[in-house]
Structures are given as structure tokens and as C-alpha cells.
$ cat structure22.cif   # mmCIF, C-alpha atoms (C1' of nucleotides)
data_my_file
loop_
_atom_site.label_atom_id
_atom_site.label_comp_id
_atom_site.auth_asym_id
_atom_site.auth_seq_id
_atom_site.Cartn_x
_atom_site.Cartn_y
_atom_site.Cartn_z
CA MET O 28 -30.52 -61.84 14.73
CA ALA O 29 -29.56 -60.82 18.24
CA HIS O 30 -26.45 -58.92 19.28
CA PRO O 31 -25.35 -59.00 22.91
CA GLU O 32 -25.28 -55.77 24.87
CA PRO O 33 -21.81 -54.45 25.70
CA ALA O 34 -22.48 -55.26 29.36
CA ASP O 35 -23.11 -58.88 28.42
CA LEU O 36 -19.80 -59.50 26.69
CA ARG O 37 -17.79 -62.27 28.34
CA LEU O 38 -14.13 -62.86 27.80
CA ASP O 39 -14.37 -66.63 27.52
CA LYS O 40 -16.98 -66.33 24.77
CA VAL O 41 -15.00 -63.74 22.87
CA LEU O 42 -11.84 -65.83 23.08
CA ALA O 43 -13.73 -68.95 22.01
CA ALA O 44 -15.17 -67.08 19.05
CA LEU O 45 -11.70 -65.99 18.00
CA ALA O 46 -10.05 -69.36 18.66
CA ASP O 47 -10.56 -70.66 15.15
CA PRO O 48 -8.32 -70.03 12.14
CA ALA O 49 -11.29 -69.45 9.84
CA ARG O 50 -12.79 -66.87 12.17
CA LEU O 51 -9.45 -65.20 12.79
CA LEU O 52 -9.18 -64.71 9.06
CA ALA O 53 -12.79 -63.63 8.67
CA VAL O 54 -12.36 -60.92 11.27
CA ARG O 55 -9.42 -59.30 9.52
CA ALA O 56 -11.33 -58.20 6.45
CA PRO O 57 -13.80 -55.89 8.20
CA ALA O 58 -10.94 -54.70 10.38
CA GLU O 59 -9.06 -53.47 7.31
CA GLN O 60 -11.87 -52.60 4.94
CA GLY O 61 -14.54 -51.43 7.32
CA GLU O 62 -18.06 -52.67 6.78
CA SER O 63 -18.03 -55.59 4.36
CA PRO O 64 -20.68 -57.77 2.73
CA CYS O 65 -20.73 -61.42 3.69
CA THR O 66 -19.64 -62.80 0.34
CA GLY O 67 -16.88 -60.26 -0.08
CA LEU O 68 -15.68 -60.99 3.39
CA GLN O 69 -15.49 -64.70 2.78
CA GLN O 70 -13.60 -64.19 -0.44
CA ALA O 71 -11.30 -61.58 1.01
CA ALA O 72 -10.43 -63.96 3.81
CA GLY O 73 -9.64 -66.66 1.27
CA LEU O 74 -11.94 -69.05 3.03
CA ASP O 75 -12.70 -72.18 1.06
CA ILE O 76 -15.66 -73.34 3.06
CA SER O 77 -19.34 -73.80 2.31
CA ARG O 78 -21.79 -70.96 2.70
CA SER O 79 -23.55 -72.70 5.55
CA THR O 80 -20.28 -73.16 7.42
CA PHE O 81 -19.41 -69.53 6.91
CA SER O 82 -22.85 -68.58 8.12
CA HIS O 83 -22.20 -70.64 11.22
CA HIS O 84 -18.91 -68.85 11.91
CA GLN O 85 -20.61 -65.53 11.38
CA ARG O 86 -23.21 -66.45 13.96
CA VAL O 87 -20.58 -67.47 16.51
CA LEU O 88 -18.77 -64.17 16.06
CA ARG O 89 -21.99 -62.21 16.27
CA GLU O 90 -23.32 -63.99 19.36
CA ALA O 91 -20.01 -63.47 21.14
CA GLY O 92 -20.26 -59.78 20.36
CA VAL O 93 -17.25 -59.59 18.06
CA ILE O 94 -19.04 -58.42 14.94
CA ARG O 95 -22.20 -56.56 14.12
CA VAL O 96 -24.41 -57.59 11.24
CA ARG O 97 -26.65 -55.12 9.50
CA VAL O 98 -29.18 -56.05 6.86
CA ASP O 99 -28.80 -54.01 3.70
CA GLY O 100 -31.26 -55.10 1.06
CA SER O 101 -30.44 -58.65 0.17
CA ARG O 102 -27.00 -58.46 1.72
CA ARG O 103 -25.59 -58.54 5.22
CA MET O 104 -23.00 -55.96 6.09
CA PHE O 105 -20.42 -56.96 8.68
CA SER O 106 -18.41 -54.73 10.92
CA LEU O 107 -16.22 -55.19 13.95
CA ARG O 108 -17.63 -54.03 17.27
CA ARG O 109 -14.34 -52.36 17.93
CA ALA O 110 -15.49 -49.69 20.35
CA GLU O 111 -17.35 -52.11 22.58
CA LEU O 112 -14.55 -54.66 22.55
CA ASP O 113 -11.89 -52.06 23.24
CA SER O 114 -13.96 -50.77 26.10
CA CYS O 115 -14.50 -54.17 27.72
CA PHE O 116 -11.19 -55.80 26.88
CA PRO O 117 -8.63 -53.09 26.12
CA GLY O 118 -5.87 -54.23 23.83
CA LEU O 119 -7.34 -57.63 23.07
CA LEU O 120 -8.58 -56.93 19.58
CA ASP O 121 -5.45 -55.05 18.59
CA SER O 122 -3.19 -57.86 19.71
CA VAL O 123 -5.23 -60.37 17.74
CA LEU O 124 -5.42 -58.26 14.59
CA ASN O 125 -1.73 -57.39 14.70
CA THR O 126 -0.63 -61.00 14.79
CA ALA O 127 1.19 -62.14 11.67
CA PRO O 128 -0.98 -64.37 9.44
CA GLU O 129 1.49 -67.26 9.72
CA LEU O 130 0.92 -67.40 13.45
CA LEU O 131 -2.86 -67.59 13.29
CA GLY O 132 -3.01 -71.36 13.01
CA ALA O 133 -3.41 -74.14 10.48
CA ARG O 134 -6.51 -74.56 8.39
CA MET Y 10 5.93 -83.23 29.56
CA ALA Y 11 6.56 -81.24 26.39
CA HIS Y 12 6.51 -77.48 26.03
CA PRO Y 13 6.21 -75.94 22.56
CA GLU Y 14 9.04 -73.78 21.27
CA PRO Y 15 8.29 -70.07 21.02
CA ALA Y 16 8.37 -70.37 17.23
CA ASP Y 17 5.63 -73.01 17.40
CA LEU Y 18 3.11 -70.91 19.29
CA ARG Y 19 -0.13 -70.41 17.37
CA LEU Y 20 -2.72 -67.80 18.13
CA ASP Y 21 -5.71 -70.07 17.67
CA LYS Y 22 -4.29 -72.57 20.14
CA VAL Y 23 -3.46 -69.92 22.71
CA LEU Y 24 -6.92 -68.39 22.42
CA ALA Y 25 -8.55 -71.82 22.69
CA ALA Y 26 -6.51 -72.57 25.78
CA LEU Y 27 -7.65 -69.32 27.37
CA ALA Y 28 -11.28 -69.63 26.24
CA ASP Y 29 -12.43 -71.39 29.39
CA PRO Y 30 -13.45 -69.76 32.68
CA ALA Y 31 -11.56 -72.32 34.75
CA ARG Y 32 -8.37 -71.77 32.80
CA LEU Y 33 -8.78 -68.01 32.83
CA LEU Y 34 -8.90 -68.21 36.61
CA ALA Y 35 -6.05 -70.68 36.83
CA VAL Y 36 -3.81 -68.39 34.84
CA ARG Y 37 -4.27 -65.42 37.14
CA ALA Y 38 -2.62 -66.96 40.18
CA PRO Y 39 0.83 -67.47 38.66
CA ALA Y 40 0.47 -64.07 37.05
CA GLU Y 41 0.10 -62.43 40.46
CA GLN Y 42 2.12 -64.73 42.67
CA GLY Y 43 4.83 -65.89 40.31
CA GLU Y 44 5.70 -69.54 40.26
CA SER Y 45 3.02 -71.52 42.09
CA PRO Y 46 2.50 -75.17 43.00
CA CYS Y 47 -0.41 -76.93 41.34
CA THR Y 48 -2.52 -77.42 44.43
CA GLY Y 49 -1.96 -73.90 45.66
CA LEU Y 50 -2.82 -72.61 42.26
CA GLN Y 51 -6.06 -74.52 42.13
CA GLN Y 52 -7.04 -73.29 45.58
CA ALA Y 53 -5.96 -69.74 44.88
CA ALA Y 54 -8.10 -69.75 41.78
CA GLY Y 55 -11.06 -70.98 43.81
CA LEU Y 56 -11.56 -73.85 41.43
CA ASP Y 57 -13.90 -76.49 42.74
CA ILE Y 58 -13.03 -79.22 40.29
CA SER Y 59 -11.43 -82.62 40.59
CA ARG Y 60 -7.68 -83.09 40.50
CA SER Y 61 -7.89 -84.92 37.21
CA THR Y 62 -9.88 -82.14 35.62
CA PHE Y 63 -7.42 -79.57 36.84
CA SER Y 64 -4.60 -81.70 35.50
CA HIS Y 65 -6.34 -81.70 32.15
CA HIS Y 66 -6.62 -77.90 32.12
CA GLN Y 67 -3.00 -77.62 33.10
CA ARG Y 68 -2.03 -79.79 30.16
CA VAL Y 69 -4.08 -77.71 27.72
CA LEU Y 70 -2.42 -74.52 28.92
CA ARG Y 71 1.02 -76.10 28.79
CA GLU Y 72 0.61 -77.58 25.31
CA ALA Y 73 -0.62 -74.25 23.98
CA GLY Y 74 2.50 -72.60 25.41
CA VAL Y 75 0.72 -70.45 27.98
CA ILE Y 76 2.36 -71.88 31.09
CA ARG Y 77 5.57 -73.65 31.93
CA VAL Y 78 5.63 -76.56 34.34
CA ARG Y 79 8.74 -77.42 36.29
CA VAL Y 80 9.09 -80.51 38.46
CA ASP Y 81 10.22 -79.71 41.99
CA GLY Y 82 10.39 -82.83 44.10
CA SER Y 83 6.90 -84.23 44.37
CA ARG Y 84 5.34 -80.99 43.22
CA ARG Y 85 4.87 -79.19 39.93
CA MET Y 86 5.66 -75.52 39.82
CA PHE Y 87 3.69 -73.41 37.35
CA SER Y 88 4.64 -70.15 35.77
CA LEU Y 89 3.35 -68.02 32.94
CA ARG Y 90 5.44 -67.96 29.78
CA ARG Y 91 5.04 -64.25 29.76
CA ALA Y 92 8.13 -63.30 27.76
CA GLU Y 93 7.39 -65.72 24.95
CA LEU Y 94 3.74 -64.77 24.79
CA ASP Y 95 4.47 -61.06 24.86
CA SER Y 96 6.98 -61.54 22.10
CA CYS Y 97 4.66 -63.50 19.81
CA PHE Y 98 1.36 -61.79 20.66
CA PRO Y 99 2.10 -58.38 22.15
CA GLY Y 100 -0.61 -57.13 24.46
CA LEU Y 101 -2.68 -60.30 24.42
CA LEU Y 102 -1.77 -61.60 27.85
CA ASP Y 103 -2.05 -58.20 29.47
CA SER Y 104 -5.50 -57.62 28.07
CA VAL Y 105 -6.64 -61.01 29.33
CA LEU Y 106 -5.11 -60.63 32.78
CA ASN Y 107 -6.44 -57.10 33.21
CA THR Y 108 -10.03 -58.11 32.55
CA ALA Y 109 -12.30 -57.81 35.57
CA PRO Y 110 -13.15 -61.21 37.10
CA GLU Y 111 -16.88 -60.69 36.56
CA LEU Y 112 -16.30 -60.53 32.82
CA LEU Y 113 -14.37 -63.77 32.55
CA GLY Y 114 -17.42 -65.96 32.09
CA ALA Y 115 -19.76 -68.24 34.00
CA ARG Y 116 -18.60 -71.37 35.70
"C1'" DT G 1 -44.29 -62.23 -12.38
"C1'" DG G 2 -40.62 -64.99 -12.81
"C1'" DT G 3 -35.58 -65.66 -12.18
"C1'" DA G 4 -31.20 -64.93 -10.35
"C1'" DT G 5 -28.55 -63.49 -6.20
"C1'" DA G 6 -27.57 -63.56 -1.36
"C1'" DT G 7 -27.89 -65.70 2.84
"C1'" DG G 8 -30.05 -68.24 6.86
"C1'" DT G 9 -31.91 -72.69 8.80
"C1'" DC G 10 -32.24 -77.70 9.39
"C1'" DG G 11 -30.67 -82.30 10.17
"C1'" DA G 12 -26.88 -85.36 10.11
"C1'" DT G 13 -22.27 -86.67 11.15
"C1'" DA G 14 -17.80 -86.95 12.92
"C1'" DG G 15 -14.55 -85.25 15.98
"C1'" DA G 16 -13.18 -82.52 20.03
"C1'" DC G 17 -13.71 -81.34 24.82
"C1'" DA G 18 -14.91 -80.96 29.97
"C1'" DT G 19 -15.71 -83.71 33.62
"C1'" DC G 20 -15.41 -87.46 36.84
"C1'" DG G 21 -13.67 -91.53 39.65
"C1'" DA G 22 -10.38 -95.14 39.93
"C1'" DA G 23 -6.01 -96.69 39.53
"C1'" DC G 24 -1.15 -95.71 39.10
"C1'" DA G 25 3.51 -93.38 39.91
"C1'" DC G 26 6.65 -90.69 42.41
"C1'" DT G 27 8.53 -88.16 46.35
"C1'" DC G 28 8.94 -87.02 51.10
"C1'" DC G 29 9.14 -88.19 55.82
"C1'" DG G 30 8.86 -90.99 60.03
"C1'" DC U 2 9.87 -100.00 54.64
"C1'" DG U 3 5.36 -97.83 54.54
"C1'" DG U 4 2.07 -94.15 54.73
"C1'" DA U 5 0.82 -89.45 53.27
"C1'" DG U 6 0.95 -86.02 49.80
"C1'" DT U 7 1.02 -84.63 44.90
"C1'" DG U 8 -0.12 -85.20 40.50
"C1'" DT U 9 -0.92 -88.01 36.05
"C1'" DT U 10 -3.23 -91.40 33.12
"C1'" DC U 11 -7.18 -94.08 31.68
"C1'" DG U 12 -11.83 -95.07 30.34
"C1'" DA U 13 -16.50 -93.53 30.27
"C1'" DT U 14 -19.92 -90.11 29.55
"C1'" DG U 15 -22.37 -86.18 28.05
"C1'" DT U 16 -22.03 -81.99 25.63
"C1'" DC U 17 -20.34 -78.88 22.18
"C1'" DT U 18 -18.56 -77.77 17.64
"C1'" DA U 19 -17.24 -77.69 12.64
"C1'" DT U 20 -18.72 -79.20 8.55
"C1'" DC U 21 -21.72 -80.33 4.81
"C1'" DG U 22 -25.80 -80.56 1.50
"C1'" DA U 23 -30.46 -79.54 0.89
"C1'" DC U 24 -34.08 -76.57 1.52
"C1'" DA U 25 -36.20 -72.11 2.65
"C1'" DT U 26 -36.46 -67.06 2.54
"C1'" DA U 27 -35.88 -62.58 0.96
"C1'" DT U 28 -34.41 -59.11 -2.18
"C1'" DA U 29 -33.30 -57.41 -6.80
"C1'" DC U 30 -33.90 -57.22 -11.55
"C1'" DA U 31 -35.72 -57.99 -16.13
#
$ encode --input "structure22.cif" --output "C-alpha cells"
Amino acid sequence: MAHPEPADLRLDKVLAALADPARLLAVRAPAEQGESPCTGLQQAAGLDISRSTFSHHQRVLREAGVIRVRVDGSRRMFSLRRAELDSCFPGLLDSVLNTAPELLGAR
Amino acid sequence: MAHPEPADLRLDKVLAALADPARLLAVRAPAEQGESPCTGLQQAAGLDISRSTFSHHQRVLREAGVIRVRVDGSRRMFSLRRAELDSCFPGLLDSVLNTAPELLGAR
DNA sequence: TGTATATGTCGATAGACATCGAACACTCCG
DNA sequence: CGGAGTGTTCGATGTCTATCGACATATACA
């Protein structure tokens, strides 16, 4: 369960991680609610996908450095790596999170 | 040679179009120099790829609504669709263009 | 100690994508 | 007209990605 260092964040990877409607939705829940458990996040995002697929998306976001995953008992708690992202790519996360849901893309 | 209407821009498509080191480079030239011819743009971006590959990238950027292509004699002139992008996704383009070249990603 | 809950991993599959060279189309200029 | 310059399209190829179901793992709880 590796997280990249802030110095290792790359814009193309971050953009690729965000360039998916499911992941754009998944990233909004921890942005609004703070740290969220995996299941709650999936439900909050209204994602009708299998657990393994969600786990895959979670890994993509984590390996790109967009989210942090913390083990808490039997659950995983997700949070946005907002400070690191804002530091490396100022304004990027805000512009993505402020986009109206209708403009995110088709599922 | 179709360009999407501003109302048809979708964040996931724009992010996907930008989520490539070659395209991130290609987009910086017209941002700095204004309207640029294709060849000049490719050279300015330092892209060592074939013409057909560059043409492919150009198409991806155009179909996502990131750039506009105008035919001028035997050449194509490229420009950023800055106004439309800023209107739909405020701050996104700026954050991408302001990112240091070393952070764009590996080629 | 079982049993239920929560989540990751594996292997398969189907579709998307980056890349190239070759061939084609169009414009400009001599 | 014909060659040079500019760029697109096509077909092939290798790689990546999204998705799933099944299985494994780990914690929590009775």
C-alpha cells in the first residue's frame, strides 16, 4: 500500500487518475465529508460498480497521489491529499471539484 | 474537422486529453506564442514523434475541445480554446499551464 | 472459535490508446 | 504542369485500462 512522495507527483498521472467519471465522483465524497470509509464513499458517490472495480479505481487514485488510504481496523479510510496537490499543482484540485456534476462526463 | 460546442465539453474528456506528456507539451506552445502552425508547434514542444502520431494527438486535443484548428492555406493553425475552457472549468487550464515542465511526466 | 463484515488480489476479457510507416490529399511555387 | 511542403488517414502492433467474478485476507463480534 504505497503512497508516492509529494516530490514524485506527476501531472500526467494525476490527470489520468482524474480522467474517469467514476473516479471524479469518488473523489468528491472525501472532499466534502473529509475522511471517509471505502464503502461509504462508494455509496455516497452513487457508484454502481463491483467492489473489485472500485478497489481498482481506489488504487489508481492512490498511486497517482490523489488520495491517501489509512487502515482503521477492518476498514480503509480515504482522504484527499489536498495540501500536497495544492502545493504541486495550485488550483487544479479546486477547479476539478468545483465543476458541476453534469459536466463530469457520462457513465 | 469537428470542434465540440462549449456546452458539450466534458471534464473527463478534457482531463484525458491532457493526461499525456506529449500533449501537455504540445499545449504549451500555443499558450505562449498564440496561434501556431502544426509543424512549428511540434518543434517548439520538442516532440520527437512521427507526423502521424502528432496528428493523432492534435485530434484528441481538438475533439476534447482543448484546441481549435483553423486551416490556413496548406497549413493548420492551432490555438487554445482558452475562453471556453476557462468558462466551463475555471482555473483548470491555468493550473496545468503553470506547472513546472519537470512535473509534467516522463516521455 | 466460528461467523459476518470489509476489502484486496488474481486471472480473464474486451475495448481503448500510442505509435509507426506507407499511402493519400491539398496547397504553394517555379 | 510538377515538385516540395504540410498534414491526414489507414492498417498493424503492442500496451494499457476498466470491468467482472471468484478467491483470499483480515478484523470484529457473538
$ calpha_fit_and_write --input "structure22.cif" --fixed "chain Y" --moving "chain O" --output "short mmCIF file (atom, residue, chain, number, x, y, z; two decimals) with C-alpha atoms, in the frame of the given file"
data_model
loop_
_atom_site.label_atom_id
_atom_site.label_comp_id
_atom_site.auth_asym_id
_atom_site.auth_seq_id
_atom_site.Cartn_x
_atom_site.Cartn_y
_atom_site.Cartn_z
CA MET O 28 5.89 -83.23 29.54
CA ALA O 29 6.56 -81.25 26.39
CA HIS O 30 6.51 -77.48 26.03
CA PRO O 31 6.20 -75.94 22.58
CA GLU O 32 9.03 -73.80 21.28
CA PRO O 33 8.28 -70.08 21.05
CA ALA O 34 8.36 -70.39 17.25
CA ASP O 35 5.63 -73.01 17.43
CA LEU O 36 3.10 -70.93 19.33
CA ARG O 37 -0.13 -70.44 17.39
CA LEU O 38 -2.71 -67.84 18.16
CA ASP O 39 -5.72 -70.10 17.71
CA LYS O 40 -4.30 -72.60 20.20
CA VAL O 41 -3.46 -69.93 22.73
CA LEU O 42 -6.92 -68.40 22.44
CA ALA O 43 -8.55 -71.82 22.72
CA ALA O 44 -6.52 -72.56 25.82
CA LEU O 45 -7.65 -69.30 27.39
CA ALA O 46 -11.28 -69.62 26.27
CA ASP O 47 -12.43 -71.38 29.41
CA PRO O 48 -13.47 -69.75 32.69
CA ALA O 49 -11.58 -72.32 34.76
CA ARG O 50 -8.38 -71.75 32.82
CA LEU O 51 -8.79 -67.99 32.85
CA LEU O 52 -8.92 -68.19 36.61
CA ALA O 53 -6.06 -70.67 36.85
CA VAL O 54 -3.80 -68.39 34.86
CA ARG O 55 -4.28 -65.42 37.16
CA ALA O 56 -2.63 -66.98 40.18
CA PRO O 57 0.83 -67.46 38.66
CA ALA O 58 0.45 -64.06 37.03
CA GLU O 59 0.10 -62.42 40.45
CA GLN O 60 2.14 -64.71 42.65
CA GLY O 61 4.83 -65.86 40.29
CA GLU O 62 5.71 -69.52 40.24
CA SER O 63 3.04 -71.50 42.06
CA PRO O 64 2.54 -75.15 42.99
CA CYS O 65 -0.34 -76.96 41.36
CA THR O 66 -2.43 -77.42 44.48
CA GLY O 67 -1.91 -73.86 45.64
CA LEU O 68 -2.82 -72.62 42.22
CA GLN O 69 -6.05 -74.55 42.14
CA GLN O 70 -7.02 -73.31 45.57
CA ALA O 71 -5.99 -69.76 44.86
CA ALA O 72 -8.15 -69.79 41.76
CA GLY O 73 -11.08 -71.05 43.82
CA LEU O 74 -11.59 -73.90 41.43
CA ASP O 75 -13.95 -76.55 42.69
CA ILE O 76 -13.06 -79.25 40.23
CA SER O 77 -11.47 -82.67 40.52
CA ARG O 78 -7.72 -83.11 40.43
CA SER O 79 -7.89 -84.96 37.15
CA THR O 80 -9.89 -82.16 35.55
CA PHE O 81 -7.43 -79.60 36.82
CA SER O 82 -4.61 -81.71 35.48
CA HIS O 83 -6.35 -81.70 32.13
CA HIS O 84 -6.63 -77.91 32.11
CA GLN O 85 -3.01 -77.64 33.08
CA ARG O 86 -2.05 -79.80 30.14
CA VAL O 87 -4.09 -77.70 27.71
CA LEU O 88 -2.42 -74.53 28.94
CA ARG O 89 1.00 -76.10 28.79
CA GLU O 90 0.59 -77.58 25.31
CA ALA O 91 -0.63 -74.24 23.99
CA GLY O 92 2.47 -72.63 25.42
CA VAL O 93 0.72 -70.46 27.99
CA ILE O 94 2.35 -71.89 31.09
CA ARG O 95 5.56 -73.66 31.93
CA VAL O 96 5.64 -76.57 34.34
CA ARG O 97 8.74 -77.42 36.29
CA VAL O 98 9.11 -80.49 38.45
CA ASP O 99 10.26 -79.67 41.96
CA GLY O 100 10.45 -82.77 44.09
CA SER O 101 6.98 -84.15 44.38
CA ARG O 102 5.38 -80.92 43.23
CA ARG O 103 4.89 -79.16 39.93
CA MET O 104 5.67 -75.48 39.82
CA PHE O 105 3.68 -73.41 37.35
CA SER O 106 4.63 -70.15 35.77
CA LEU O 107 3.35 -68.02 32.94
CA ARG O 108 5.43 -67.96 29.77
CA ARG O 109 5.05 -64.23 29.76
CA ALA O 110 8.14 -63.31 27.78
CA GLU O 111 7.41 -65.72 24.97
CA LEU O 112 3.75 -64.78 24.79
CA ASP O 113 4.48 -61.07 24.87
CA SER O 114 6.99 -61.56 22.11
CA CYS O 115 4.66 -63.52 19.84
CA PHE O 116 1.38 -61.81 20.67
CA PRO O 117 2.12 -58.39 22.17
CA GLY O 118 -0.59 -57.15 24.47
CA LEU O 119 -2.66 -60.31 24.43
CA LEU O 120 -1.75 -61.61 27.85
CA ASP O 121 -2.04 -58.20 29.47
CA SER O 122 -5.50 -57.63 28.07
CA VAL O 123 -6.64 -61.01 29.33
CA LEU O 124 -5.12 -60.63 32.78
CA ASN O 125 -6.44 -57.10 33.20
CA THR O 126 -10.02 -58.10 32.54
CA ALA O 127 -12.30 -57.78 35.55
CA PRO O 128 -13.16 -61.17 37.10
CA GLU O 129 -16.89 -60.62 36.53
CA LEU O 130 -16.30 -60.48 32.80
CA LEU O 131 -14.37 -63.73 32.55
CA GLY O 132 -17.43 -65.91 32.10
CA ALA O 133 -19.76 -68.19 34.02
CA ARG O 134 -18.60 -71.36 35.68
#
$ residues_around --input "structure22.cif" --residues "DG15 (chain U)" --least-positions-apart "2" --cutoff "12 Å" --atoms "all atoms listed in the file" --output "JSON list (two decimals) with C-alpha atoms (C1' of nucleotides), keeping the file's coordinate frame"
[["chain", "number", "residue", "atom", "x", "y", "z"],
["G", 17, "DC", "C1'", -13.71, -81.34, 24.82],
["G", 18, "DA", "C1'", -14.91, -80.96, 29.97],
["G", 19, "DT", "C1'", -15.71, -83.71, 33.62],
["G", 20, "DC", "C1'", -15.41, -87.46, 36.84],
["U", 13, "DA", "C1'", -16.50, -93.53, 30.27],
["U", 17, "DC", "C1'", -20.34, -78.88, 22.18]]
$ closest_residue --input "structure22.cif" --among "U:DA19, U:DC2, U:DA31, U:DC11" --to "chain O" --atoms "only C-alpha atoms (C1' of nucleotides)"
U:DA19
$ atom_distance --input "structure22.cif" --atom1 "CA of Met86 (chain Y)" --atom2 "CA of Leu42 (chain O)"
26.1 Å
$ interface_residues --input "structure22.cif" --of "chain U" --to "chain O" --cutoff "9 Å" --atoms "all atoms listed in the file" --output "VMD selection string"
chain U and resid 19 to 21 27 to 29
$ residues_around --input "structure22.cif" --residues "region 50-60 of chain O" --least-positions-apart "2" --cutoff "7 Å" --atoms "all atoms listed in the file" --output "list in words"
Leu45, Asp47, Pro48, Glu62, Ser63, Leu68, Gln69, Ala71, Ala72, His84, Phe105, Ser106, Leu107 and Leu124 of chain O
